[in-house]
Amino acid sequence: MTTLPQLIGCSNATREVLEEIDCAAGSDAKVLITGESGVGKEVVAHLIHHRSRRRQANLIAINCAGVPDTLLASELFGHVRGSFTDAYRDKQGWLEQAHRGTIFMDEVGEMSLQMQALLLRFLESGEIQRVGAERSTTVVDVRIIAATNRRLLDQVAASEFRSDLFYRLNVIHIEIPPLRARRDDIPPLLEYFRRQFSERYRVEPPCFSDEAMAQLMAAPWPGNVRQLRNVIERLVVRAHREMITTADLPREVLSMAAPAKGSTVPHGHCVVDELFGRMVRQGETFWTVVYDPFMARDLTRDDLRALIREGLSQTRGGYKAVAALFNVPSDHKRLLSFLRKHECHLPDQDPPAALARDAGSQKSPRAVGE
Ligand SMILES: Nc1ncnc2c1ncn2[C@@H]1O[C@H](COP(=O)(O)OP(=O)(O)OP(=O)(O)O)[C@@H](O)[C@H]1O
Ligand SMILES: [Mg+2]
C-alpha cells in the first residue's frame with residue numbers, strides 16, 4: 001500500500017475499532033488483530049503504525065503464510081555470508097529493517113512450531129542473531145503487530161500454536177467483526193469505492209438504483225470488504241449506463257442476497273425466544289444468530305446470558321451440550337472462550353430460570369465495551 005489506507009465506516013463496531021486504533025497507537029504494546037479474511041486487518045495495522053510515535057521509521061509487513069519455513073528465519077533475522085548456499089553476502093533481516101518502527105506479521109497462525117519458538121525467543125530478549133552468525137547479537141527496538149483469521153485459541157488447544165506466544169502477542173486485542181455484522185458500513189464503503197474507482201478509471205461515477213442498493217445491503221459478503229471493493233470496481237469499470245440496477249449486479253451478489261434469513265436481528269421482549277428458536281428449530285448456528293449481532297452491538301450481554309442460561313437449562317448439561325444444541329458441536333471451546341471474554345459465562349449447572357423471558361426488559365445499552 002503506497003498511500004495511507006483509510007478505515008471507512010460509520011457502524012458502532014467500526015467506531016470502536018477506530019478508538020482501539022488510537023489507544024494502541026499511544027503505546028508500544030503488542031497488538032493482535034483478528035477477524036475474517038478481508039475485514040481490514042492490514043488497514044488497522046497500518047493506521048496504528050502511522051498514528052504512533054514510530055511513524056517516521058519503517059513498517060515492515062510480512063505474510064507468514066507466504067514464506068516457506070526454511071526462508072522465514074533468514075528473512076526475519078537476516079543471515080551472514082556463507083550460512084547457506086545462496087548466502088553470498090551478509091543480509092539484514094526484516095526485524096532489523098523495522099528498527100524503531102513496526103513489524104506487521106500477517107497470518108501469524110500459519111507459523112510452524114519451530115518458527116514460533118524463534119519468535120518467542122526474540123520477544124523475550126529483543127535480540128536477534130542472524131542465521132549462521134556465531135555469537136554476535138543485535139538488540140532491536142521493534143513494535144509487533146500480529147494478525148490472523150484463524151482462531152488462535154483453538155490452535156492453542158490443538159497444540160498447533162504455543163500458548164506462551166499467544167499470550168505474549170495478545171496484549172491489545174482488536175477484533176474486527178465481519179461486514180455482515182456491521183451493515184451500516186456498506187453505504188459509506190460503497191460510496192468510497194465508487195469514487196475511488198471512478199477516479200482511477202476516469203469514468204463518471206455511476207448511481208445505484210434502490211433495488212440494487214437493497215441487494216448489496218442484504219448480501220452476506222463472505223469475502224467482507226475486499227469482496228465488496230472488487231464488486232464495486234467491476235461495476236464501475238463495466239457501467240454502460242449512469243444507473244446500476246439489479247440486472248447489472250454480478251451473479252455472486254444476487255445469489256448471495258437470496259437467503260436474507262439471519263440478516264437482521266429482531267428487537268423487543270421476544271428477542272431471546274426468537275434467536276433461540278432460530279438455532280434450535282431452524283438449525284442456524286450460534287455464530288450467525290448470536291455472535292455476529294453481538295459483535296455488532298445489536299445484542300446485549302443480558303440477551304446473550306439469557307440465551308446461554310436457556311441452553312444450559314434445556315440441555316441440563318454443560319457447554320458441550322449447549323454447543324451441540326446451538327449447532328456448533330465442535331466449537332465448544334471457542335464458545336466458552338468467547339463467553340468468558342465477554343463476561344457471559346455462567347456456571348454449568350445453573351438452575352433453570354425464566355430469565356429468557358426477562359431479558360428484553362433488562363437490556364443494557366451496549367453489548368461490548370460496557
Ligand atoms: N473499513 C475499510 N475502509 C476502506 N477500505 C477497507 C476497509 N476494510 C478493508 N478495506 C479494504 O479491503 C481490502 C482488504 O482489507 P485487508 O487487506 O486489510 O483485509 P485483511 O483482514 O488483512 O484480509 P486477509 O485476512 O485476507 O489478509 C483492502 O483493499 C483494504 O484497503
Ligand atoms: Mg491481511
# chains A, B, ... in the order shown; residues from 1 in each chain; ligands from 1

call {"tool": "select_by_dssp", "arguments": {"residues": "stretch 270-361 of chain A", "states": "helix (DSSP H, G or I)", "output": "PDB file with C-alpha atoms, in the first residue's frame"}}
result
ATOM      1  CA  VAL A 271     -35.600 -11.363  21.051  1.00  0.00           C
ATOM      2  CA  VAL A 272     -34.160 -14.198  23.120  1.00  0.00           C
ATOM      3  CA  ASP A 273     -37.019 -16.588  22.304  1.00  0.00           C
ATOM      4  CA  GLU A 274     -36.726 -15.805  18.634  1.00  0.00           C
ATOM      5  CA  LEU A 275     -32.970 -16.236  18.444  1.00  0.00           C
ATOM      6  CA  PHE A 276     -33.184 -19.399  20.487  1.00  0.00           C
ATOM      7  CA  GLY A 277     -35.819 -20.755  18.081  1.00  0.00           C
ATOM      8  CA  ARG A 278     -33.687 -19.958  15.045  1.00  0.00           C
ATOM      9  CA  MET A 279     -30.882 -22.093  16.431  1.00  0.00           C
ATOM     10  CA  VAL A 280     -32.879 -24.906  17.970  1.00  0.00           C
ATOM     11  CA  PHE A 286     -24.693 -19.735  17.161  1.00  0.00           C
ATOM     12  CA  TRP A 287     -22.063 -17.829  15.186  1.00  0.00           C
ATOM     13  CA  THR A 288     -24.593 -16.417  12.724  1.00  0.00           C
ATOM     14  CA  VAL A 289     -27.552 -15.928  15.026  1.00  0.00           C
ATOM     15  CA  VAL A 290     -25.827 -14.675  18.169  1.00  0.00           C
ATOM     16  CA  TYR A 291     -22.122 -13.979  17.679  1.00  0.00           C
ATOM     17  CA  ASP A 292     -22.355 -11.663  14.657  1.00  0.00           C
ATOM     18  CA  PRO A 293     -25.088  -9.397  16.052  1.00  0.00           C
ATOM     19  CA  PHE A 294     -23.410  -9.394  19.475  1.00  0.00           C
ATOM     20  CA  MET A 295     -20.130  -8.214  17.940  1.00  0.00           C
ATOM     21  CA  ARG A 301     -24.859  -9.047  27.303  1.00  0.00           C
ATOM     22  CA  ASP A 302     -28.141  -9.681  29.087  1.00  0.00           C
ATOM     23  CA  ASP A 303     -29.559 -11.195  25.879  1.00  0.00           C
ATOM     24  CA  LEU A 304     -26.508 -13.382  25.468  1.00  0.00           C
ATOM     25  CA  ARG A 305     -26.564 -14.534  29.099  1.00  0.00           C
ATOM     26  CA  ALA A 306     -30.263 -15.321  28.832  1.00  0.00           C
ATOM     27  CA  LEU A 307     -29.670 -17.429  25.727  1.00  0.00           C
ATOM     28  CA  ILE A 308     -26.900 -19.365  27.423  1.00  0.00           C
ATOM     29  CA  ARG A 309     -28.977 -19.824  30.562  1.00  0.00           C
ATOM     30  CA  GLU A 310     -31.823 -21.177  28.459  1.00  0.00           C
ATOM     31  CA  GLY A 311     -29.430 -23.509  26.622  1.00  0.00           C
ATOM     32  CA  LEU A 312     -27.968 -24.831  29.871  1.00  0.00           C
ATOM     33  CA  SER A 313     -31.415 -25.268  31.284  1.00  0.00           C
ATOM     34  CA  GLN A 314     -32.756 -27.181  28.282  1.00  0.00           C
ATOM     35  CA  THR A 315     -29.780 -29.479  27.933  1.00  0.00           C
ATOM     36  CA  TYR A 319     -21.248 -26.308  27.456  1.00  0.00           C
ATOM     37  CA  LYS A 320     -20.565 -29.246  25.131  1.00  0.00           C
ATOM     38  CA  ALA A 321     -24.269 -29.967  25.079  1.00  0.00           C
ATOM     39  CA  VAL A 322     -25.099 -26.288  24.605  1.00  0.00           C
ATOM     40  CA  ALA A 323     -22.660 -26.068  21.684  1.00  0.00           C
ATOM     41  CA  ALA A 324     -24.384 -29.058  20.092  1.00  0.00           C
ATOM     42  CA  LEU A 325     -27.831 -27.537  20.730  1.00  0.00           C
ATOM     43  CA  PRO A 329     -20.808 -29.074  18.173  1.00  0.00           C
ATOM     44  CA  SER A 330     -17.067 -28.964  17.534  1.00  0.00           C
ATOM     45  CA  ASP A 331     -16.691 -25.389  18.707  1.00  0.00           C
ATOM     46  CA  HIS A 332     -17.497 -25.678  22.385  1.00  0.00           C
ATOM     47  CA  LYS A 333     -14.051 -24.417  23.456  1.00  0.00           C
ATOM     48  CA  ARG A 334     -14.359 -21.388  21.216  1.00  0.00           C
ATOM     49  CA  LEU A 335     -17.844 -20.802  22.574  1.00  0.00           C
ATOM     50  CA  LEU A 336     -16.503 -20.927  26.128  1.00  0.00           C
ATOM     51  CA  SER A 337     -13.649 -18.545  25.458  1.00  0.00           C
ATOM     52  CA  PHE A 338     -15.990 -16.116  23.710  1.00  0.00           C
ATOM     53  CA  LEU A 339     -18.390 -16.181  26.690  1.00  0.00           C
ATOM     54  CA  ARG A 340     -15.568 -15.741  29.196  1.00  0.00           C
ATOM     55  CA  LYS A 341     -14.083 -12.873  27.250  1.00  0.00           C
ATOM     56  CA  LEU A 355     -34.618 -15.422  32.536  1.00  0.00           C
ATOM     57  CA  ALA A 356     -35.103 -15.757  28.848  1.00  0.00           C
ATOM     58  CA  ARG A 357     -38.420 -14.032  29.299  1.00  0.00           C
ATOM     59  CA  ASP A 358     -36.902 -11.214  31.359  1.00  0.00           C
ATOM     60  CA  ALA A 359     -34.052 -10.450  29.042  1.00  0.00           C
ATOM     61  CA  GLY A 360     -35.877  -7.977  26.861  1.00  0.00           C
ATOM     62  CA  SER A 361     -36.790  -5.789  29.805  1.00  0.00           C
TER      63      SER A 361
END

call {"tool": "residues_around", "arguments": {"residues": "stretch 235-246 of chain A", "least_positions_apart": "6", "cutoff": "12 Å", "atoms": "only C-alpha atoms", "output": "PyMOL selection string"}}
result
chain A and resi 190-191+193-216+228-229+252-255+257

call {"tool": "write_last_selection", "arguments": {"atoms": "C-alpha atoms", "output": "PDB file, in the first residue's frame"}}
result
ATOM      1  CA  LEU A 190     -19.763   1.703  -1.421  1.00  0.00           C
ATOM      2  CA  GLU A 191     -19.515   5.452  -1.860  1.00  0.00           C
ATOM      3  CA  PHE A 193     -15.012   2.673  -3.621  1.00  0.00           C
ATOM      4  CA  ARG A 194     -17.360   4.147  -6.238  1.00  0.00           C
ATOM      5  CA  ARG A 195     -15.436   7.444  -6.137  1.00  0.00           C
ATOM      6  CA  GLN A 196     -12.033   5.784  -5.859  1.00  0.00           C
ATOM      7  CA  PHE A 197     -12.527   3.583  -8.920  1.00  0.00           C
ATOM      8  CA  SER A 198     -14.282   6.269 -10.985  1.00  0.00           C
ATOM      9  CA  GLU A 199     -11.246   8.480 -10.484  1.00  0.00           C
ATOM     10  CA  ARG A 200      -8.840   5.655 -11.199  1.00  0.00           C
ATOM     11  CA  TYR A 201     -10.578   4.626 -14.420  1.00  0.00           C
ATOM     12  CA  ARG A 202     -11.574   8.182 -15.352  1.00  0.00           C
ATOM     13  CA  VAL A 203     -15.254   7.425 -15.749  1.00  0.00           C
ATOM     14  CA  GLU A 204     -18.354   9.151 -14.394  1.00  0.00           C
ATOM     15  CA  PRO A 205     -19.292   7.623 -11.022  1.00  0.00           C
ATOM     16  CA  PRO A 206     -22.431   5.523 -11.650  1.00  0.00           C
ATOM     17  CA  CYS A 207     -25.508   5.663  -9.387  1.00  0.00           C
ATOM     18  CA  PHE A 208     -27.234   2.651  -7.860  1.00  0.00           C
ATOM     19  CA  SER A 209     -30.968   2.019  -8.068  1.00  0.00           C
ATOM     20  CA  ASP A 210     -32.813   1.476  -4.784  1.00  0.00           C
ATOM     21  CA  GLU A 211     -33.274  -2.226  -5.566  1.00  0.00           C
ATOM     22  CA  ALA A 212     -29.600  -2.692  -6.414  1.00  0.00           C
ATOM     23  CA  MET A 213     -28.681  -0.919  -3.201  1.00  0.00           C
ATOM     24  CA  ALA A 214     -31.039  -3.183  -1.232  1.00  0.00           C
ATOM     25  CA  GLN A 215     -29.399  -6.268  -2.759  1.00  0.00           C
ATOM     26  CA  LEU A 216     -25.945  -5.007  -1.887  1.00  0.00           C
ATOM     27  CA  LEU A 228     -17.378  -5.521  -1.800  1.00  0.00           C
ATOM     28  CA  ARG A 229     -14.464  -3.495  -3.169  1.00  0.00           C
ATOM     29  CA  GLU A 252     -22.400 -13.705  -6.914  1.00  0.00           C
ATOM     30  CA  VAL A 253     -24.233 -10.794  -5.241  1.00  0.00           C
ATOM     31  CA  LEU A 254     -27.697 -11.892  -6.350  1.00  0.00           C
ATOM     32  CA  SER A 255     -27.232 -15.460  -5.183  1.00  0.00           C
ATOM     33  CA  ALA A 257     -28.500 -11.955  -1.225  1.00  0.00           C
TER      34      ALA A 257
END

call {"tool": "closest_residue", "arguments": {"among": "A:Val43, A:Val231, A:Ala296, A:Cys23", "to": "ligand 1", "atoms": "only C-alpha atoms and all ligand atoms"}}
result
A:Val43

call {"tool": "atom_distance", "arguments": {"atom1": "atom CA of A:Leu76", "atom2": "atom 31 (O, counted along the ligand's line) of ligand 1"}}
result
25.1 Å

call {"tool": "closest_residue", "arguments": {"among": "A:Glu42, A:Asp298, A:Glu134, A:Asp69", "to": "ligand 1", "atoms": "only C-alpha atoms and all ligand atoms"}}
result
A:Glu42

call {"tool": "residues_around", "arguments": {"residues": "A:Glu36", "least_positions_apart": "3", "cutoff": "8 Å", "atoms": "only C-alpha atoms", "output": "count of residues only"}}
result
7

call {"tool": "atom_distance", "arguments": {"atom1": "atom CA of A:Leu7", "atom2": "atom 10 (N, counted along the ligand's line) of ligand 1"}}
result
6.7 Å

call {"tool": "closest_residue", "arguments": {"among": "A:Leu118, A:Arg130, A:Ala146, A:Asn327", "to": "A:Val171", "atoms": "only C-alpha atoms"}}
result
A:Ala146

call {"tool": "residues_near_ligand", "arguments": {"ligand": "ligand 2", "cutoff": "8 Å", "atoms": "only C-alpha atoms and all ligand atoms", "output": "list in words"}}
result
Ser37, Gly38, Gly40, Lys41, Glu42, Asn63, Asp106, Glu107, Ala147 and Thr148 of chain A

call {"tool": "closest_residue", "arguments": {"among": "A:Leu189, A:Ile21, A:Val67, A:Val31", "to": "ligand 1", "atoms": "only C-alpha atoms and all ligand atoms"}}
result
A:Leu189
